[in-house]
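Text of the file data-v9.cif, holding mmCIF, C-alpha atoms:
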data_protein
loop_
_atom_site.label_atom_id
_atom_site.label_comp_id
_atom_site.auth_asym_id
_atom_site.auth_seq_id
_atom_site.Cartn_x
_atom_site.Cartn_y
_atom_site.Cartn_z
CA MET X 1 102.20 78.59 103.18
CA PRO X 2 104.67 75.77 102.76
CA ASP X 3 107.46 76.14 105.35
CA TRP X 4 110.49 78.34 104.70
CA ILE X 5 112.80 75.37 104.06
CA THR X 6 110.60 74.49 101.08
CA HIS X 7 110.53 78.07 99.82
CA ILE X 8 114.29 78.56 99.97
CA LEU X 9 115.10 75.11 98.54
CA VAL X 10 112.78 75.59 95.57
CA ALA X 11 114.29 79.04 94.90
CA TRP X 12 117.80 77.58 95.20
CA SER X 13 116.95 74.69 92.84
CA ILE X 14 115.53 77.02 90.19
CA CYS X 15 118.55 79.36 90.40
CA THR X 16 120.98 76.44 90.21
CA LEU X 17 119.19 75.11 87.12
CA LEU X 18 119.21 78.58 85.56
CA GLY X 19 122.89 78.83 86.49
CA VAL X 20 123.57 76.07 83.97
CA LYS X 21 122.69 78.52 81.20
CA PHE X 22 123.14 81.97 82.75
CA ARG X 23 126.30 83.00 84.58
CA GLN X 24 124.36 85.69 86.51
CA PHE X 25 123.07 82.97 88.83
CA ASN X 26 126.20 82.80 90.97
CA SER X 27 126.17 82.14 94.72
CA GLU X 28 125.58 85.77 95.77
CA ASN X 29 122.68 86.24 93.37
CA THR X 30 121.18 82.87 94.24
CA VAL X 31 121.09 83.96 97.89
CA LEU X 32 119.15 87.10 96.88
CA CYS X 33 116.62 84.94 95.05
CA MET X 34 116.27 82.78 98.18
CA VAL X 35 115.70 85.90 100.27
CA GLY X 36 113.12 87.02 97.70
CA ALA X 37 111.29 83.74 98.19
CA LEU X 38 110.67 84.72 101.83
CA ILE X 39 109.62 88.34 101.20
CA PRO X 40 105.85 87.61 101.08
CA ASP X 41 106.12 85.93 104.48
CA ILE X 42 107.34 89.12 106.15
CA VAL X 43 103.68 89.19 107.17
CA LYS X 44 104.53 86.38 109.63
CA ILE X 45 106.21 88.96 111.84
CA SER X 46 102.69 89.36 113.20
CA ILE X 47 102.96 85.93 114.91
CA PRO X 48 105.64 86.86 117.51
CA LEU X 49 103.89 90.21 117.95
CA LEU X 50 100.87 88.29 119.27
CA TYR X 51 102.86 87.53 122.43
CA PHE X 52 102.87 91.27 123.09
CA ASP X 53 99.11 91.47 122.40
CA ILE X 54 99.72 93.30 119.15
CA TYR X 55 97.27 92.09 116.50
CA SER X 56 98.90 93.27 113.30
CA TYR X 57 98.18 90.44 110.84
CA TYR X 58 95.49 92.21 108.83
CA TRP X 59 97.47 95.44 108.82
CA LEU X 60 100.40 93.62 107.25
CA ALA X 61 98.48 91.10 105.14
CA ALA X 62 98.86 93.23 102.00
CA LEU X 63 102.54 92.26 102.07
CA HIS X 64 101.41 88.74 101.24
CA THR X 65 99.95 89.80 97.91
CA PRO X 66 102.04 90.05 94.73
CA ALA X 67 101.62 93.84 94.63
CA GLY X 68 102.66 94.27 98.27
CA SER X 69 105.58 91.87 97.87
CA LEU X 70 106.73 93.67 94.73
CA VAL X 71 106.81 97.03 96.52
CA THR X 72 108.59 95.43 99.51
CA ALA X 73 111.15 93.89 97.15
CA SER X 74 111.66 97.32 95.55
CA VAL X 75 112.28 98.89 98.95
CA LEU X 76 114.80 96.17 99.86
CA SER X 77 116.57 96.44 96.50
CA LEU X 78 117.35 100.12 97.29
CA PHE X 79 119.85 98.79 99.83
CA PHE X 80 121.97 97.01 97.21
CA LYS X 81 124.63 98.41 94.94
CA ASP X 82 123.19 96.78 91.81
CA LYS X 83 119.57 97.64 92.53
CA ARG X 84 118.17 96.40 89.25
CA MET X 85 119.77 92.96 89.55
CA ALA X 86 118.70 92.71 93.20
CA LEU X 87 115.12 93.57 92.26
CA ILE X 88 115.04 91.03 89.41
CA LEU X 89 116.32 88.31 91.74
CA PHE X 90 113.85 89.23 94.48
CA ILE X 91 111.03 89.10 91.92
CA LEU X 92 112.17 85.67 90.75
CA GLY X 93 112.26 84.52 94.38
CA LEU X 94 108.83 85.83 95.25
CA SER X 95 107.44 84.32 92.04
CA THR X 96 108.55 80.90 93.29
CA HIS X 97 106.84 81.70 96.61
CA TYR X 98 103.48 82.44 94.98
CA MET X 99 103.87 79.48 92.64
CA LEU X 100 104.05 77.22 95.72
CA ASP X 101 101.32 79.08 97.60
CA LEU X 102 98.98 78.66 94.64
CA LEU X 103 99.22 74.88 95.04
CA LEU X 104 97.92 75.01 98.61
CA LEU X 105 94.66 74.04 100.17
CA ASP X 106 94.11 76.01 103.35
CA MET X 107 91.59 77.96 105.36
CA ASN X 108 92.49 81.28 103.76
CA SER X 109 91.16 79.94 100.45
CA GLY X 110 94.03 81.38 98.50
CA VAL X 111 95.98 84.43 97.53
CA TYR X 112 94.51 87.76 96.46
CA PHE X 113 96.61 87.49 93.34
CA PHE X 114 95.44 90.68 91.66
CA TYR X 115 95.03 92.84 94.75
CA PRO X 116 94.36 95.86 94.78
CA PHE X 117 92.60 95.53 91.42
CA SER X 118 90.61 92.41 92.28
CA TRP X 119 89.71 90.58 95.47
CA SER X 120 89.33 87.19 93.79
CA LEU X 121 91.09 84.38 95.62
CA TRP X 122 93.39 82.03 93.75
CA GLN X 123 94.33 78.55 94.90
CA PHE X 124 94.55 75.16 93.21
CA GLY X 125 94.01 73.22 96.45
CA LEU X 126 96.46 70.45 95.59
CA ILE X 127 98.53 70.22 98.77
CA SER X 128 97.81 70.77 102.45
CA ASN X 129 99.25 73.79 104.20
CA PHE X 130 100.96 71.57 106.76
CA ASP X 131 101.99 68.69 104.52
CA ILE X 132 105.51 67.60 105.48
CA ASN X 133 105.74 65.58 102.25
CA VAL X 134 106.08 68.87 100.36
CA THR X 135 109.20 69.65 102.41
CA ILE X 136 110.57 66.16 101.77
CA ALA X 137 109.87 66.55 98.03
CA SER X 138 111.67 69.91 97.96
CA ILE X 139 114.70 68.40 99.77
CA LEU X 140 114.79 65.55 97.22
CA LEU X 141 114.47 68.02 94.35
CA ALA X 142 117.35 70.09 95.75
CA LEU X 143 119.50 66.97 96.14
CA ILE X 144 118.82 65.91 92.54
CA VAL X 145 119.62 69.42 91.28
CA TYR X 146 122.80 69.50 93.40
CA VAL X 147 124.05 66.15 92.08
CA LEU X 148 123.13 67.10 88.52
CA SER X 149 124.89 70.47 88.63
CA PHE X 150 127.90 68.92 90.38
CA LYS X 151 128.23 66.29 87.63
CA LEU X 152 127.80 68.88 84.88
CA LYS X 153 130.58 70.99 86.39
CA LYS X 154 132.80 67.97 86.82
CA THR X 155 132.39 66.96 83.20
CA GLY X 156 133.18 70.54 82.20
CA LEU X 157 129.88 71.00 80.40
CA ILE X 158 129.26 74.10 82.48
CA LYS X 159 131.62 76.51 84.16
CA SER X 160 131.60 76.67 87.92
CA ASN X 161 130.33 80.10 88.83
CA LYS X 162 129.71 79.26 92.45
CA ALA X 163 132.05 80.77 95.01
CA MET O 1 127.82 108.84 97.13
CA LYS O 2 126.83 112.10 95.47
CA LYS O 3 124.25 114.27 97.20
CA ASP O 4 121.74 114.19 94.32
CA ARG O 5 121.90 110.38 94.26
CA VAL O 6 121.24 110.23 97.99
CA PHE O 7 118.30 112.59 97.54
CA GLU O 8 116.96 110.42 94.67
CA LYS O 9 117.28 107.30 96.80
CA ILE O 10 115.45 108.90 99.72
CA LEU O 11 112.70 110.12 97.40
CA ILE O 12 112.19 106.65 95.88
CA PHE O 13 112.24 105.12 99.36
CA ILE O 14 109.55 107.50 100.67
CA THR O 15 107.42 106.93 97.55
CA LEU O 16 107.61 103.15 97.87
CA ILE O 17 106.87 103.20 101.60
CA SER O 18 103.86 105.44 100.92
CA ILE O 19 102.54 102.98 98.29
CA LEU O 20 103.06 100.13 100.75
CA LEU O 21 101.17 102.01 103.45
CA ILE O 22 98.27 102.70 101.09
CA LEU O 23 98.14 99.00 100.14
CA CYS O 24 98.18 97.93 103.81
CA VAL O 25 95.52 100.40 104.94
CA ASN O 26 93.28 99.59 101.97
CA TYR O 27 93.61 95.86 102.71
CA TYR O 28 92.83 96.33 106.41
CA GLU O 29 89.76 98.41 105.70
CA ASN O 30 88.29 96.14 103.04
CA TYR O 31 89.40 92.55 103.61
CA GLU O 32 86.44 91.58 105.78
CA SER O 33 83.85 92.20 103.09
CA HIS O 34 85.81 89.97 100.70
CA LEU O 35 86.44 86.95 102.92
CA GLU O 36 85.08 83.64 101.68
CA PHE O 37 83.57 83.07 105.11
CA SER O 38 83.11 86.39 106.85
CA PRO O 39 82.25 86.53 110.59
CA SER O 40 78.72 87.66 109.65
CA GLN O 41 78.29 84.54 107.48
CA LEU O 42 79.49 82.31 110.32
CA ASN O 43 76.97 83.76 112.73
CA ILE O 44 74.19 81.85 111.04
CA THR O 45 71.58 81.35 113.76
CA GLY O 46 71.43 81.75 117.50
CA GLU O 47 73.92 83.49 119.68
CA GLN O 48 77.51 82.99 118.85
CA GLU O 49 79.48 82.14 121.95
CA SER O 50 82.97 82.91 120.68
CA ASN O 51 84.60 84.42 117.69
CA GLU O 52 87.13 81.61 117.41
CA PHE O 53 87.00 80.61 113.78
CA THR O 54 89.45 77.74 113.54
CA ILE O 55 89.88 74.62 115.66
CA PHE O 56 92.22 71.63 115.28
CA GLY O 57 91.82 68.06 116.42
CA GLU O 58 91.31 64.37 115.74
CA VAL O 59 88.04 63.00 114.38
CA ILE O 60 86.85 60.36 116.85
CA ARG O 61 83.41 59.39 115.53
CA HIS O 62 80.79 60.32 112.95
CA GLN O 63 77.44 61.66 114.11
CA GLU O 64 74.17 62.72 112.52
CA TYR O 65 75.11 66.38 112.88
CA GLY O 66 78.65 65.84 111.57
CA PHE O 67 81.44 64.41 113.72
CA ASP O 68 83.04 64.55 117.16
CA LEU O 69 86.47 66.04 117.45
CA LEU O 70 89.09 65.68 120.18
CA ASP O 71 91.06 68.91 120.33
CA GLU O 72 94.66 69.44 121.47
CA ASP O 73 93.57 69.91 125.10
CA ASN O 74 91.58 66.63 124.98
CA ASN O 75 88.21 68.43 124.93
CA MET O 76 85.50 66.65 122.96
CA ILE O 77 83.85 69.06 120.54
CA LYS O 78 80.71 68.32 118.52
CA VAL O 79 81.22 69.66 115.03
CA GLU O 80 78.20 70.34 112.86
CA SER O 81 79.28 69.78 109.30
CA THR O 82 78.36 67.99 106.09
CA ALA O 83 81.99 66.88 105.69
CA ARG O 84 82.85 63.28 106.65
CA PRO O 85 86.60 63.11 107.34
CA GLU O 86 88.00 59.66 108.16
CA ILE O 87 87.93 58.61 111.82
CA GLY O 88 91.38 59.12 113.31
CA SER O 89 92.36 61.84 110.86
CA GLU O 90 93.56 65.26 111.99
CA VAL O 91 91.48 68.13 110.72
CA GLU O 92 91.31 71.90 110.83
CA VAL O 93 87.77 73.27 110.99
CA MET O 94 86.69 76.81 110.28
CA GLY O 95 83.52 77.94 111.98
CA ALA O 96 82.24 79.27 115.30
CA PHE O 97 81.14 78.00 118.70
CA PHE O 98 77.44 78.39 119.43
CA ILE O 99 77.07 76.57 122.73
CA THR O 100 79.89 75.08 124.79
CA ASN O 101 81.63 72.34 122.83
CA TYR O 102 79.27 72.71 119.88
CA PHE O 103 81.02 74.06 116.84
CA LYS O 104 79.35 74.98 113.59
CA GLY O 105 81.92 74.16 110.91
CA VAL O 106 81.71 75.67 107.47
CA LYS O 107 84.99 74.39 106.08
CA VAL O 108 86.99 71.28 106.97
CA VAL O 109 90.56 70.63 105.86
CA LYS O 110 92.46 67.44 106.64
CA ILE O 111 95.94 68.08 108.04
CA ASN O 112 99.08 66.08 108.57
CA LYS O 113 99.77 66.00 112.33
CA LEU O 114 103.55 65.75 112.04
CA GLY O 115 103.52 68.47 109.41
CA TYR O 116 101.36 70.73 111.55
CA GLU O 117 103.45 70.28 114.68
CA THR O 118 106.76 70.93 112.93
CA ILE O 119 105.87 73.74 110.52
CA PHE O 120 107.22 76.46 112.84
CA LEU O 121 110.36 74.49 113.57
CA ARG O 122 110.95 73.94 109.83
CA SER O 123 110.39 77.61 109.14
CA ILE O 124 112.78 78.71 111.89
CA ILE O 125 115.43 76.33 110.54
CA GLY O 126 114.85 77.86 107.08
CA LEU O 127 115.23 81.37 108.50
CA VAL O 128 118.47 80.53 110.34
CA VAL O 129 119.88 78.90 107.20
CA ILE O 130 119.07 81.91 104.99
CA VAL O 131 120.55 84.39 107.52
CA ILE O 132 123.80 82.39 107.73
CA ILE O 133 124.08 81.99 103.94
CA PHE O 134 123.23 85.65 103.34
CA TRP O 135 125.95 86.91 105.68
CA ARG O 136 128.40 84.52 104.10
CA TYR O 137 128.08 86.26 100.74
CA TRP O 138 126.93 89.77 101.62
CA LYS O 139 127.92 92.43 104.12
CA PHE O 140 126.47 95.81 105.00
CA ASP O 141 128.42 98.90 104.07
CA PHE O 142 127.34 101.49 106.66
CA ARG O 143 129.07 104.30 104.78
CA HIS O 144 126.91 103.90 101.69
CA LEU O 145 123.98 102.27 103.47
CA GLU O 146 123.88 99.28 101.17
CA PHE O 147 124.73 95.62 101.04
CA ILE O 148 127.85 94.72 99.10
CA ARG O 149 129.30 91.39 98.03
CA ARG O 150 131.97 90.03 100.32
CA LYS O 151 133.96 89.00 97.25
CA GLU O 152 133.89 91.95 94.87
CA LYS O 153 134.74 90.99 91.29
#

Go ahead and render the structure in this file as structure tokens.
Amino acid sequence: MPDWITHILVAWSICTLLGVKFRQFNSENTVLCMVGALIPDIVKISIPLLYFDIYSYYWLAALHTPAGSLVTASVLSLFFKDKRMALILFILGLSTHYMLDLLLLDMNSGVYFFYPFSWSLWQFGLISNFDINVTIASILLALIVYVLSFKLKKTGLIKSNKA
Amino acid sequence: MKKDRVFEKILIFITLISILLILCVNYYENYESHLEFSPSQLNITGEQESNEFTIFGEVIRHQEYGFDLLDEDNNMIKVESTARPEIGSEVEVMGAFFITNYFKGVKVVKINKLGYETIFLRSIIGLVVIVIIFWRYWKFDFRHLEFIRRKEK
């Protein structure tokens, strides 16, 4: 997985760009998309559990598949007033997560993208799991998007829908 | 919240949790037979000394059998592999120990040392950032058991 900074910045950048066209991508909804981008990594809760000698990774690993993440997102969306909107934003966020994970080259050899229907692994092997340059690229992307959206708002081409 | 809506919510919640449990149990029971390199594949010949499947370290020299690796605790490990990573590069090797300090590698991936050492730190920073931002825009309504916007339209 790329680190969580990368995941949340990519989700934020995509929402900010979509916010140029769609007013639904306000600050609150953008945050939900960013949370959605971390949903597949709920499986990482197994790392601190190791300190208590609890080996739960393979019990929870299904959460790091699109099907598992989708069900998790559905459960989380039940705790929001506008459940449908929350679910859509979570799905957008977790889509960005898998988009980034697909680019990786790591020991796991990929994501079981069509689990439980297929156990085929999917990965393009373009970037290393630990490559800090990916984080730097995502920070640069977010900065460019921020400056661009700021200028567009200033020129009045788009309405500010951020709180 | 009306009673029937609460009941509907609980029903959906239980259904979704049940699906999630089925997915998790099915994964746990079947993942091993679908791994690219399963433990049985790694145990190629001889007696396997440990079931440690991944090691990290710096490539210090090439050898006939593969290369020598200096791990994080400064132990020199002989890695049997067809891969020839550059000397001085940091690599992650999947495989198994057969005799002390002799590792049979089946997959070698080059890693960025700085990136490897800071990935947890970067992720924790990301988590702290998202928690702060989330609570800035959302709050939990205990009465209705749901998150609501801090600034309702």

Atom CA of Arg149 of chain O and atom CA of Met85 of chain X are how many Å apart?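 It comes out at 12.9 Å.
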
Evaluate the PyMOL selection byres ((chain O) within 6 of (chain X)) and report residues as a PDB file with C-alpha atoms, in the coordinates of the input:
ATOM      1  CA  CYS O  24      98.180  97.930 103.810  1.00  0.00           C
ATOM      2  CA  TYR O  27      93.610  95.860 102.710  1.00  0.00           C
ATOM      3  CA  TYR O  28      92.830  96.330 106.410  1.00  0.00           C
ATOM      4  CA  ASN O 112      99.080  66.080 108.570  1.00  0.00           C
ATOM      5  CA  GLY O 115     103.520  68.470 109.410  1.00  0.00           C
ATOM      6  CA  TYR O 116     101.360  70.730 111.550  1.00  0.00           C
ATOM      7  CA  ILE O 119     105.870  73.740 110.520  1.00  0.00           C
ATOM      8  CA  SER O 123     110.390  77.610 109.140  1.00  0.00           C
ATOM      9  CA  GLY O 126     114.850  77.860 107.080  1.00  0.00           C
ATOM     10  CA  TYR O 137     128.080  86.260 100.740  1.00  0.00           C
ATOM     11  CA  GLU O 146     123.880  99.280 101.170  1.00  0.00           C
ATOM     12  CA  PHE O 147     124.730  95.620 101.040  1.00  0.00           C
TER      13      PHE O 147
END

Write out as a ChimeraX atom specification each polymer residue whose atoms come within 8 Å of segment 77-93 of chain O, counting only C-alpha atoms; drop sequence neighbours fewer than 4 positions from it. /O:53-62,65-71,101-113

Between atom CA of Gln123 of chain X and atom CA of Leu102 of chain X, distance in Å (one decimal):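 Computing it gives 4.7 Å between the two atoms.
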
Could you tell me how far atom CA of Phe134 of chain O sits from atom CA of Val147 of chain X, in Å to one decimal place?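 Atom CA of Val147 of chain X sits 22.5 Å away from atom CA of Phe134 of chain O.
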
Please determine, counting only C-alpha atoms, which residue among O:Leu145, O:Ile124, O:Arg150, O:Val129 has the shortest atom-to-atom distance to Lys9 of chain O.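 Closest candidate: O:Leu145.
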
Out of X:Phe113, X:Arg23, X:Leu141, X:Asp101, which residue has the shortest atom-to-atom distance to Gly125 of chain X when counting only C-alpha atoms?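 Distance minimum relative to Gly125 of chain X lands on X:Asp101.
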